[in-house]
Amino acid sequence: MSIRERLSGNEAIATAMRQINPDVVAAFPITPSTEIPQYFSSYVANGKVDSVFVPVESEHSAMSATIGASAAGARAMTATSSCGLAYMWEMLYVAASDRLPLALALVNRALSGPININCDHSDAMGARDAGWIQLFSENNQEAYDNMVMAFRISEHPDVRLPIMVCQDGFIISHGVENIELLEDDVVKNFVGEYRPEHYLLNASEPLAIGPYANPPYVMEAKRANLQALENSKKVMLDVAADFERISGRKYSFFESYRMEDADYAMVIMGSAAGTGKDAVDALRSMGIRAGLIKVRMFRPFPASQIAEALKNVKVVACMDRTESFNTVTGPLGADVRCALYDAGIHAKFVNYVYGLGGRDVTVASLTSVYEDMMKIAADGTVGQTYRYLSLKG
Amino acid sequence: MKDLIEIRWHGRGGQGAKTAALLLADVAFNNGLYVQGFPEYGPERMGAPITAYNRLSRNPIRVHSNIYEPDYVVVVDESLIESVDVTAGIKEGGAIIINSHKSSNELKPLLEEKGYHGHIYTIDARKISIETLGKYFPNSPMLAAVVKVTGVMEEKAFLEDMRKSYAHKFASKPSVIDGNMKALEIALKEVH
Amino acid sequence: MKTDIRKQDIDVTWQNLNPGTVVTGGATAPEFNTGEWRVNVPVLDMDKCKQCLMCVPVCPDSSIPVKNQKREDFDLMHCKGCGICAKVCPFGAITMKEGDE
């Protein structure tokens with residue numbers, strides 16, 4: 001039986017962590033993720049979990065301690081936001097290249113500068129090339145569900161990679177909404193015990209983790225990391241199928257919303273996807289064939305599946321909650337466009353930067369994107385392909 | 001109630017408007033509704049104007065934006081009427097609920113001057129709070145006023161639910177439970 | 001995971017590389033060919049060597065094996081050709097030659 005609750009996104013993640021009961025949590029506070037280690041340390045203090053909580057002195061140390069704990073053989077995780085993730089930068093790559101299963105709850109917040117505490121995806125996008133798995137969540141429910149599934153994907157022998165569960169800062173992390181929680185023992189059984197094959201604290205098998213790699217090894221190591229990411233696609237689907245059995249909730253690479261006969265498709269991630277669905281419903285009630293794809297698994301990128309979902313649309317609008325400054329496209333836009341090109345799909349394509357630094361995303365603003373798509377279809381030409389949404393001036 | 005009620009709260013940092021919005025979400029949740037309670041965040045400063053929001057619905061809520069056309073606006077600090085456009089976007093048939101010792105008729109000219117001609121309710125949360133708790137905590141009376149005006153739940157069920165909630169929240173300070181309950185009861189009667 | 005370090009040499013394919021480039025098993029250094037860096041090779045003249053063993057402790061790579069209190073020929077799997085032994089030898093028994101063999 002699921003438990004009807006109302007929780008903020010941070011409370012949802014902390015609840016999942018309590019149920020997972022990891023061996024080690026190392027964290028340093030940063031808005032808006034601070035509540036996660038705050039709640040979790042109270043679980044530790046109150047004996048609700050057996051975890052060791054390591055209050056480190058920086059995010060670099062938080063990721064280093066999490067890496068160390070995972071290398072030692074522990075199930076380990078951390079949480080951070082924005083510049084905290086940026087400060088982990090060096091160690092993010094180490095976690096992936098050392099092929100260490102661990103989890104990071106990321107509460108998306110704009111990277112400085114200008115300094116800002118509100119939501120955008122610039123922090124997560126900075127980590128997209130680090131070799132991690134990245135899952136994005138629309139709401140507190142998905143943040144919780146993704147967290148419950150995270151270790152099963154991360155620890156799978158075919159994967160062994162760090163995983164990042166992203167939720168939108170403040171919008172989800174501090175907004176209280178209804179949620180269906182799983183019972184503690186259901187989560188415990190689902191996640192299972194972590195039994196690594198090789199680990200530093202195994203006295204009968206000495207190990208060296210993270211050795212220097214000469215030029216003859218680095219490309220092979222990266223190619224193996226890539227293969228693990230490729231493998232994680234199937235593992236993610238298998239874990240999602242198991243999760244559906246305990247929760248009734250279905251997950252995949254992305255969610256297709258009213259895409260069956262869609263002419264106009266928006267590709268989007270995070271909390272704005274829900275707002276976009278309301279826009280789609282309103283447009284559909286006016287007879288406009290609007291659809292939406294909400295990307296859940298951003299790394300590895302499900303290119304062929306997304307191309308398949310978009311093969312019959314007239315116009316695609318890809319929504320990037322970050323600026324990549326290549327002056328052409330955002331990171332999600334680049335990936336989607338690449339997927340379409342490889343699949344030989346020639347739908348008109350337009351890319352929007354939206355919601356930076358907490359700029360509010362409304363049904364009206366996303367409806368205007370569909371109106372732009374309709375105009376592009378009518379004109380037969382895209383015009384400016386890289387645009388800003390809700391920009392003054 | 002309607003299928004969806006949207007509420008915007010105006011208060012000042014430190015007065016508890018955010019907490020009140022979260023309390024209202026709790027109350028509505030306990031009444032079987034789908035809820036959202038969220039503040040508009042910026043750097044937190046005591047006394048600075050802050051905004052918080054509620055969506056209370058019979059159906060799952062997907063939209064994640066601020067509320068620009070609320071059914072109800074709650075003004076926890078009367079002085080904000082001068083500095084913030086508190087009546088912006090209030091829906092036809094909606095209402096504004098103001099914490100004030102003045103009557104709604106007394107406030108009417110001020111709001112009409114700002115172009116607002118809808119319903120006005122007032123509640124003297126300061127007076128009620130001082131009477132019942134001996135200190136100025138506007139949350140309990142404001143919450144009761146909002147429940148009464150919006151009709152999100154029956155008064156009796158609301159009071160029962162709040163007694164449980166206070167018993168949990170003030171487990172270490174049971175002396176304030178009765179004061180808060182009294183504040184709710186008076187506010188339910190005195191909001192006009 | 002493959003535990004034989006000798007199979008993790010520079011020709012290892014990405015499919016056979018230990019995940020995370022982990023080195024499994026302890027004390028694997030003797031099994032691993034690091035002498036390939038060498039551009040100069042030390043050559044021992046046994047006739048001049050008095051078995052004073054001055055060269056042994058100065059070798060940074062422990063590449064001068066000793067048995068029954070006598071040194072043997074160089075361990076070229078690990079010798080980097082640094083030439084310290086040749087400098088230290090009081091009898092001119094070690095000379096550095098160009099090349100790795």
# chains A, B, ... in the order shown; residues from 1 in each chain; ligands from 1
>>> residues_around(residues="Leu111 (chain B)", least_positions_apart="2", cutoff="12 Å", atoms="only C-alpha atoms", output="list in words")
Glu78, Leu80, Ile81, Glu82, Val84, Asp85, Val86, Thr87, Ala88, Ala95, Ile96, Ile97, Ile98, Ser104, Asn105, Glu106, Leu107, Lys108, Pro109, Glu113, Lys114, Gly115, Tyr116, His117, Gly118, His119, Ile120 and Tyr121 of chain B
>>> interface_residues(of="chain C", to="chain A", cutoff="8 Å", atoms="only C-alpha atoms", output="list of chain:residue names")
C:Ile10, C:Asp11, C:Val12, C:Thr13, C:Trp14, C:Gln15, C:Leu17, C:Pro19, C:Gly20, C:Thr21, C:Val22, C:Val23, C:Thr24, C:Gly25, C:Gly26
>>> interface_residues(of="chain B", to="chain A", cutoff="9 Å", atoms="only C-alpha atoms", output="PyMOL selection string")
chain B and resi 22+25-26+29+33-43+60-67
>>> write_last_selection(atoms="N, CA, C and O atoms", output="CSV table (one decimal), in the first residue's frame")
chain,number,residue,atom,x,y,z
B,22,LEU,N,2.0,27.0,3.8
B,22,LEU,CA,2.2,25.6,4.0
B,22,LEU,C,1.2,25.0,4.9
B,22,LEU,O,0.8,23.8,4.7
B,25,ALA,N,-1.9,24.4,3.0
B,25,ALA,CA,-1.7,23.2,2.1
B,25,ALA,C,-1.9,22.0,2.9
B,25,ALA,O,-2.6,21.0,2.5
B,26,ASP,N,-1.4,21.9,4.2
B,26,ASP,CA,-1.6,20.8,5.1
B,26,ASP,C,-3.1,20.5,5.3
B,26,ASP,O,-3.6,19.4,5.3
B,29,PHE,N,-4.8,19.3,2.3
B,29,PHE,CA,-4.3,17.9,2.0
B,29,PHE,C,-5.1,16.9,2.9
B,29,PHE,O,-5.5,15.9,2.5
B,33,LEU,N,-7.6,16.9,-0.7
B,33,LEU,CA,-7.3,17.6,-1.9
B,33,LEU,C,-5.9,17.4,-2.4
B,33,LEU,O,-5.0,17.0,-1.6
B,34,TYR,N,-5.7,17.7,-3.7
B,34,TYR,CA,-4.3,17.9,-4.2
B,34,TYR,C,-3.9,19.3,-3.9
B,34,TYR,O,-4.7,20.2,-4.0
B,35,VAL,N,-2.6,19.5,-3.4
B,35,VAL,CA,-2.2,20.8,-3.0
B,35,VAL,C,-0.8,21.2,-3.5
B,35,VAL,O,0.0,20.3,-3.9
B,36,GLN,N,-0.7,22.5,-3.6
B,36,GLN,CA,0.7,23.0,-3.8
B,36,GLN,C,0.8,24.2,-2.8
B,36,GLN,O,-0.1,25.0,-2.6
B,37,GLY,N,1.9,24.3,-2.1
B,37,GLY,CA,2.2,25.4,-1.3
B,37,GLY,C,3.7,25.8,-1.5
B,37,GLY,O,4.5,24.9,-1.3
B,38,PHE,N,3.9,27.0,-2.0
B,38,PHE,CA,5.3,27.3,-2.3
B,38,PHE,C,5.5,28.8,-2.2
B,38,PHE,O,4.6,29.6,-2.6
B,39,PRO,N,6.7,29.2,-1.7
B,39,PRO,CA,7.0,30.6,-1.7
B,39,PRO,C,7.8,31.1,-2.9
B,39,PRO,O,8.3,30.3,-3.6
B,40,GLU,N,7.7,32.4,-3.2
B,40,GLU,CA,8.6,32.9,-4.2
B,40,GLU,C,9.9,33.3,-3.5
B,40,GLU,O,9.9,34.2,-2.7
B,41,TYR,N,11.0,32.7,-3.8
B,41,TYR,CA,12.2,32.8,-3.1
B,41,TYR,C,13.1,33.9,-3.6
B,41,TYR,O,13.3,34.0,-4.8
B,42,GLY,N,13.7,34.6,-2.7
B,42,GLY,CA,14.8,35.5,-3.0
B,42,GLY,C,15.7,35.5,-1.8
B,42,GLY,O,15.4,34.7,-0.9
B,43,PRO,N,16.7,36.3,-1.8
B,43,PRO,CA,17.4,36.4,-0.5
B,43,PRO,C,16.5,36.8,0.6
B,43,PRO,O,15.7,37.8,0.4
B,60,PRO,N,-5.1,16.2,-9.8
B,60,PRO,CA,-3.6,16.4,-9.7
B,60,PRO,C,-3.2,17.7,-10.3
B,60,PRO,O,-3.8,18.1,-11.4
B,61,ILE,N,-2.2,18.3,-9.8
B,61,ILE,CA,-1.7,19.6,-10.3
B,61,ILE,C,-0.4,19.5,-11.0
B,61,ILE,O,0.5,18.9,-10.4
B,62,ARG,N,-0.3,20.0,-12.2
B,62,ARG,CA,0.9,19.8,-13.0
B,62,ARG,C,1.6,21.1,-13.2
B,62,ARG,O,2.8,21.1,-13.4
B,63,VAL,N,0.9,22.2,-13.2
B,63,VAL,CA,1.5,23.5,-13.5
B,63,VAL,C,2.5,23.9,-12.4
B,63,VAL,O,2.2,23.6,-11.2
B,64,HIS,N,3.6,24.4,-12.8
B,64,HIS,CA,4.6,24.9,-11.8
B,64,HIS,C,5.0,26.3,-12.1
B,64,HIS,O,6.2,26.6,-12.3
B,65,SER,N,4.1,27.2,-12.0
B,65,SER,CA,4.4,28.6,-12.2
B,65,SER,C,3.9,29.4,-11.0
B,65,SER,O,3.1,28.8,-10.2
B,66,ASN,N,4.3,30.6,-10.9
B,66,ASN,CA,3.6,31.5,-9.9
B,66,ASN,C,2.2,31.7,-10.3
B,66,ASN,O,1.8,31.3,-11.4
B,67,ILE,N,1.4,32.3,-9.4
B,67,ILE,CA,0.0,32.6,-9.7
B,67,ILE,C,-0.2,34.0,-10.0
B,67,ILE,O,0.1,34.9,-9.2
>>> atom_distance(atom1="CA of Arg337 (chain A)", atom2="CA of Gln384 (chain A)")
15.2 Å
>>> atom_distance(atom1="CA of Tyr72 (chain B)", atom2="CA of Ala20 (chain B)")
14.2 Å
>>> select_by_dssp(residues="region 25-247 of chain A", states="strand (DSSP E)", output="JSON, numbers by chain")
{"A": [25, 26, 27, 52, 53, 54, 55, 76, 77, 78, 79, 80, 103, 104, 105, 106, 107, 108, 133, 134, 135, 136, 163, 164, 165, 166, 167, 168, 176, 177, 178, 179, 180, 181, 207, 208]}
>>> atom_distance(atom1="CA of Phe254 (chain A)", atom2="CA of Val350 (chain A)")
19.6 Å
>>> residues_around(residues="region 163-176 of chain B", least_positions_apart="2", cutoff="10 Å", atoms="only C-alpha atoms", output="list in words")
Leu23, Asp26, Val27, Thr132, Leu133, Ala157, Phe158, Leu159, Glu160, Asp161, Asp178, Gly179, Asn180, Met181 and Lys182 of chain B
>>> write_last_selection(atoms="N, CA, C and O atoms", output="CSV table (one decimal), in the first residue's frame")
chain,number,residue,atom,x,y,z
B,23,LEU,N,0.8,25.7,6.0
B,23,LEU,CA,-0.3,25.2,6.9
B,23,LEU,C,-1.6,25.0,6.1
B,23,LEU,O,-2.3,24.0,6.3
B,26,ASP,N,-1.4,21.9,4.2
B,26,ASP,CA,-1.6,20.8,5.1
B,26,ASP,C,-3.1,20.5,5.3
B,26,ASP,O,-3.6,19.4,5.3
B,27,VAL,N,-3.8,21.6,5.7
B,27,VAL,CA,-5.2,21.5,6.0
B,27,VAL,C,-6.0,21.0,4.8
B,27,VAL,O,-6.8,20.0,4.9
B,132,THR,N,-5.3,35.9,22.6
B,132,THR,CA,-5.3,34.5,22.8
B,132,THR,C,-3.9,33.9,23.1
B,132,THR,O,-3.8,32.9,23.8
B,133,LEU,N,-2.9,34.6,22.6
B,133,LEU,CA,-1.5,34.0,22.7
B,133,LEU,C,-0.6,35.0,23.5
B,133,LEU,O,0.5,34.6,23.8
B,157,ALA,N,-14.4,20.1,10.9
B,157,ALA,CA,-13.3,19.2,10.5
B,157,ALA,C,-12.0,20.0,10.5
B,157,ALA,O,-10.9,19.5,10.9
B,158,PHE,N,-12.0,21.3,10.1
B,158,PHE,CA,-10.8,22.1,10.2
B,158,PHE,C,-10.3,22.2,11.6
B,158,PHE,O,-9.1,22.0,11.8
B,159,LEU,N,-11.2,22.5,12.5
B,159,LEU,CA,-10.8,22.7,13.9
B,159,LEU,C,-10.2,21.4,14.5
B,159,LEU,O,-9.2,21.4,15.2
B,160,GLU,N,-10.9,20.3,14.2
B,160,GLU,CA,-10.4,19.0,14.7
B,160,GLU,C,-9.0,18.7,14.1
B,160,GLU,O,-8.1,18.3,14.8
B,161,ASP,N,-8.8,19.0,12.8
B,161,ASP,CA,-7.5,18.7,12.2
B,161,ASP,C,-6.4,19.6,12.8
B,161,ASP,O,-5.3,19.1,13.0
B,178,ASP,N,-4.1,25.5,23.3
B,178,ASP,CA,-5.4,26.1,23.6
B,178,ASP,C,-5.5,27.5,23.0
B,178,ASP,O,-6.6,27.9,22.5
B,179,GLY,N,-4.5,28.3,23.2
B,179,GLY,CA,-4.5,29.6,22.7
B,179,GLY,C,-4.6,29.7,21.2
B,179,GLY,O,-5.4,30.5,20.7
B,180,ASN,N,-3.9,28.8,20.5
B,180,ASN,CA,-4.0,28.8,19.1
B,180,ASN,C,-5.4,28.3,18.6
B,180,ASN,O,-6.0,28.9,17.7
B,181,MET,N,-6.0,27.3,19.3
B,181,MET,CA,-7.3,26.9,19.0
B,181,MET,C,-8.3,28.0,19.2
B,181,MET,O,-9.2,28.2,18.4
B,182,LYS,N,-8.2,28.7,20.3
B,182,LYS,CA,-9.1,29.9,20.6
B,182,LYS,C,-8.9,30.9,19.4
B,182,LYS,O,-9.9,31.4,19.0
>>> residues_around(residues="region 292-306 of chain A", least_positions_apart="3", cutoff="7 Å", atoms="only C-alpha atoms", output="list of chain:residue names")
A:Arg128, A:Trp132, A:Ile133, A:Gln134, A:Leu135, A:Phe136, A:Ser137, A:Leu229, A:Glu230, A:Phe253, A:Phe254, A:Glu255, A:Ser256, A:Tyr257, A:Arg258, A:Met259, A:Ala265, A:Met266, A:Val267, A:Ile268, A:Met269, A:Ala273, A:Lys277, A:Ala309, A:Leu310, A:Val336, A:Ala339
>>> closest_residue(among="A:His60, A:Lys311, A:Arg18, A:Arg195", to="Met147 (chain A)", atoms="only C-alpha atoms")
A:Arg18
>>> select_by_dssp(residues="chain C", states="alpha helix (DSSP H)", output="mmCIF file with N, CA and C atoms, in the first residue's frame")
data_model
loop_
_atom_site.group_PDB
_atom_site.id
_atom_site.type_symbol
_atom_site.label_atom_id
_atom_site.label_comp_id
_atom_site.auth_asym_id
_atom_site.auth_seq_id
_atom_site.Cartn_x
_atom_site.Cartn_y
_atom_site.Cartn_z
ATOM 1 N N CYS C 55 75.796 -0.187 -5.510
ATOM 2 C CA CYS C 55 74.775 0.161 -6.497
ATOM 3 C C CYS C 55 73.368 -0.225 -6.030
ATOM 4 N N VAL C 56 73.225 -1.225 -5.194
ATOM 5 C CA VAL C 56 71.907 -1.793 -4.884
ATOM 6 C C VAL C 56 70.975 -0.798 -4.178
ATOM 7 N N PRO C 57 71.418 -0.192 -3.058
ATOM 8 C CA PRO C 57 70.465 0.677 -2.345
ATOM 9 C C PRO C 57 70.133 1.961 -3.096
ATOM 10 N N VAL C 58 70.971 2.404 -4.039
ATOM 11 C CA VAL C 58 70.687 3.681 -4.722
ATOM 12 C C VAL C 58 69.736 3.507 -5.896
ATOM 13 N N ILE C 84 72.123 6.093 -12.160
ATOM 14 C CA ILE C 84 72.674 6.372 -10.822
ATOM 15 C C ILE C 84 73.678 5.285 -10.427
ATOM 16 N N CYS C 85 73.345 4.036 -10.752
ATOM 17 C CA CYS C 85 74.237 2.926 -10.393
ATOM 18 C C CYS C 85 75.624 3.117 -11.028
ATOM 19 N N ALA C 86 75.633 3.580 -12.294
ATOM 20 C CA ALA C 86 76.897 3.771 -13.003
ATOM 21 C C ALA C 86 77.735 4.864 -12.350
ATOM 22 N N LYS C 87 77.047 5.945 -11.883
ATOM 23 C CA LYS C 87 77.748 7.043 -11.200
ATOM 24 C C LYS C 87 78.348 6.573 -9.881
ATOM 25 N N VAL C 88 77.584 5.724 -9.169
ATOM 26 C CA VAL C 88 77.974 5.329 -7.812
ATOM 27 C C VAL C 88 79.092 4.277 -7.831
#
>>> decode(residues="region 56-68 of chain C", atoms="all heavy atoms", output="JSON list (two decimals), in the first residue's frame")
[["chain", "number", "residue", "atom", "x", "y", "z"],
["C", 56, "VAL", "N", 73.22, -1.22, -5.19],
["C", 56, "VAL", "CA", 71.91, -1.79, -4.88],
["C", 56, "VAL", "C", 70.97, -0.80, -4.18],
["C", 56, "VAL", "O", 69.86, -0.55, -4.65],
["C", 56, "VAL", "CB", 72.06, -3.10, -4.08],
["C", 56, "VAL", "CG1", 70.68, -3.62, -3.64],
["C", 56, "VAL", "CG2", 72.78, -4.15, -4.92],
["C", 57, "PRO", "N", 71.42, -0.19, -3.06],
["C", 57, "PRO", "CA", 70.46, 0.68, -2.35],
["C", 57, "PRO", "C", 70.13, 1.96, -3.10],
["C", 57, "PRO", "O", 69.10, 2.58, -2.82],
["C", 57, "PRO", "CB", 71.18, 0.99, -1.03],
["C", 57, "PRO", "CG", 72.62, 0.79, -1.31],
["C", 57, "PRO", "CD", 72.71, -0.28, -2.35],
["C", 58, "VAL", "N", 70.97, 2.40, -4.04],
["C", 58, "VAL", "CA", 70.69, 3.68, -4.72],
["C", 58, "VAL", "C", 69.74, 3.51, -5.90],
["C", 58, "VAL", "O", 69.21, 4.48, -6.43],
["C", 58, "VAL", "CB", 71.98, 4.39, -5.20],
["C", 58, "VAL", "CG1", 72.87, 4.70, -4.01],
["C", 58, "VAL", "CG2", 72.72, 3.58, -6.26],
["C", 59, "CYS", "N", 69.50, 2.28, -6.31],
["C", 59, "CYS", "CA", 68.61, 2.07, -7.46],
["C", 59, "CYS", "C", 67.18, 2.45, -7.08],
["C", 59, "CYS", "O", 66.60, 1.85, -6.18],
["C", 59, "CYS", "CB", 68.65, 0.61, -7.92],
["C", 59, "CYS", "SG", 67.45, 0.32, -9.26],
["C", 60, "PRO", "N", 66.59, 3.46, -7.75],
["C", 60, "PRO", "CA", 65.24, 3.92, -7.36],
["C", 60, "PRO", "C", 64.16, 2.90, -7.71],
["C", 60, "PRO", "O", 63.04, 3.03, -7.23],
["C", 60, "PRO", "CB", 65.03, 5.20, -8.19],
["C", 60, "PRO", "CG", 66.33, 5.48, -8.86],
["C", 60, "PRO", "CD", 67.12, 4.22, -8.89],
["C", 61, "ASP", "N", 64.47, 1.92, -8.52],
["C", 61, "ASP", "CA", 63.44, 1.00, -8.96],
["C", 61, "ASP", "C", 63.70, -0.43, -8.52],
["C", 61, "ASP", "O", 63.09, -1.36, -9.05],
["C", 61, "ASP", "CB", 63.31, 1.05, -10.49],
["C", 61, "ASP", "CG", 62.42, 2.21, -10.90],
["C", 61, "ASP", "OD1", 61.24, 2.20, -10.52],
["C", 61, "ASP", "OD2", 62.92, 3.14, -11.56],
["C", 62, "SER", "N", 64.59, -0.60, -7.54],
["C", 62, "SER", "CA", 64.91, -1.94, -7.03],
["C", 62, "SER", "C", 65.16, -2.92, -8.16],
["C", 62, "SER", "O", 64.66, -4.05, -8.16],
["C", 62, "SER", "CB", 63.77, -2.45, -6.13],
["C", 62, "SER", "OG", 63.48, -1.53, -5.13],
["C", 63, "SER", "N", 65.95, -2.45, -9.13],
["C", 63, "SER", "CA", 66.15, -3.27, -10.33],
["C", 63, "SER", "C", 67.48, -4.01, -10.32],
["C", 63, "SER", "O", 67.95, -4.48, -11.36],
["C", 63, "SER", "CB", 66.05, -2.40, -11.58],
["C", 63, "SER", "OG", 64.76, -1.86, -11.68],
["C", 64, "ILE", "N", 68.13, -4.05, -9.13],
["C", 64, "ILE", "CA", 69.38, -4.83, -9.03],
["C", 64, "ILE", "C", 69.13, -5.96, -8.04],
["C", 64, "ILE", "O", 69.17, -5.76, -6.82],
["C", 64, "ILE", "CB", 70.56, -3.93, -8.59],
["C", 64, "ILE", "CG1", 70.72, -2.77, -9.60],
["C", 64, "ILE", "CG2", 71.85, -4.76, -8.49],
["C", 64, "ILE", "CD1", 71.75, -1.72, -9.20],
["C", 65, "PRO", "N", 68.80, -7.13, -8.53],
["C", 65, "PRO", "CA", 68.51, -8.25, -7.62],
["C", 65, "PRO", "C", 69.77, -8.76, -6.92],
["C", 65, "PRO", "O", 70.86, -8.75, -7.52],
["C", 65, "PRO", "CB", 67.94, -9.33, -8.56],
["C", 65, "PRO", "CG", 68.22, -8.89, -9.94],
["C", 65, "PRO", "CD", 68.71, -7.48, -9.95],
["C", 66, "VAL", "N", 69.58, -9.15, -5.66],
["C", 66, "VAL", "CA", 70.71, -9.67, -4.86],
["C", 66, "VAL", "C", 70.35, -11.07, -4.38],
["C", 66, "VAL", "O", 69.25, -11.29, -3.87],
["C", 66, "VAL", "CB", 70.99, -8.76, -3.64],
["C", 66, "VAL", "CG1", 72.13, -9.33, -2.79],
["C", 66, "VAL", "CG2", 71.32, -7.34, -4.09],
["C", 67, "LYS", "N", 71.30, -11.99, -4.58],
["C", 67, "LYS", "CA", 71.09, -13.35, -4.08],
["C", 67, "LYS", "C", 72.36, -13.81, -3.39],
["C", 67, "LYS", "O", 73.45, -13.62, -3.92],
["C", 67, "LYS", "CB", 70.78, -14.30, -5.25],
["C", 67, "LYS", "CG", 69.40, -14.94, -5.14],
["C", 67, "LYS", "CD", 69.18, -15.95, -6.23],
["C", 67, "LYS", "CE", 67.69, -16.12, -6.46],
["C", 67, "LYS", "NZ", 67.40, -16.81, -7.70],
["C", 68, "ASN", "N", 72.24, -14.40, -2.23],
["C", 68, "ASN", "CA", 73.40, -14.88, -1.47],
["C", 68, "ASN", "C", 74.47, -13.80, -1.34],
["C", 68, "ASN", "O", 75.65, -14.02, -1.59],
["C", 68, "ASN", "CB", 74.00, -16.13, -2.12],
["C", 68, "ASN", "CG", 72.98, -17.25, -2.20],
["C", 68, "ASN", "OD1", 72.12, -17.38, -1.31],
["C", 68, "ASN", "ND2", 73.03, -18.02, -3.27]]
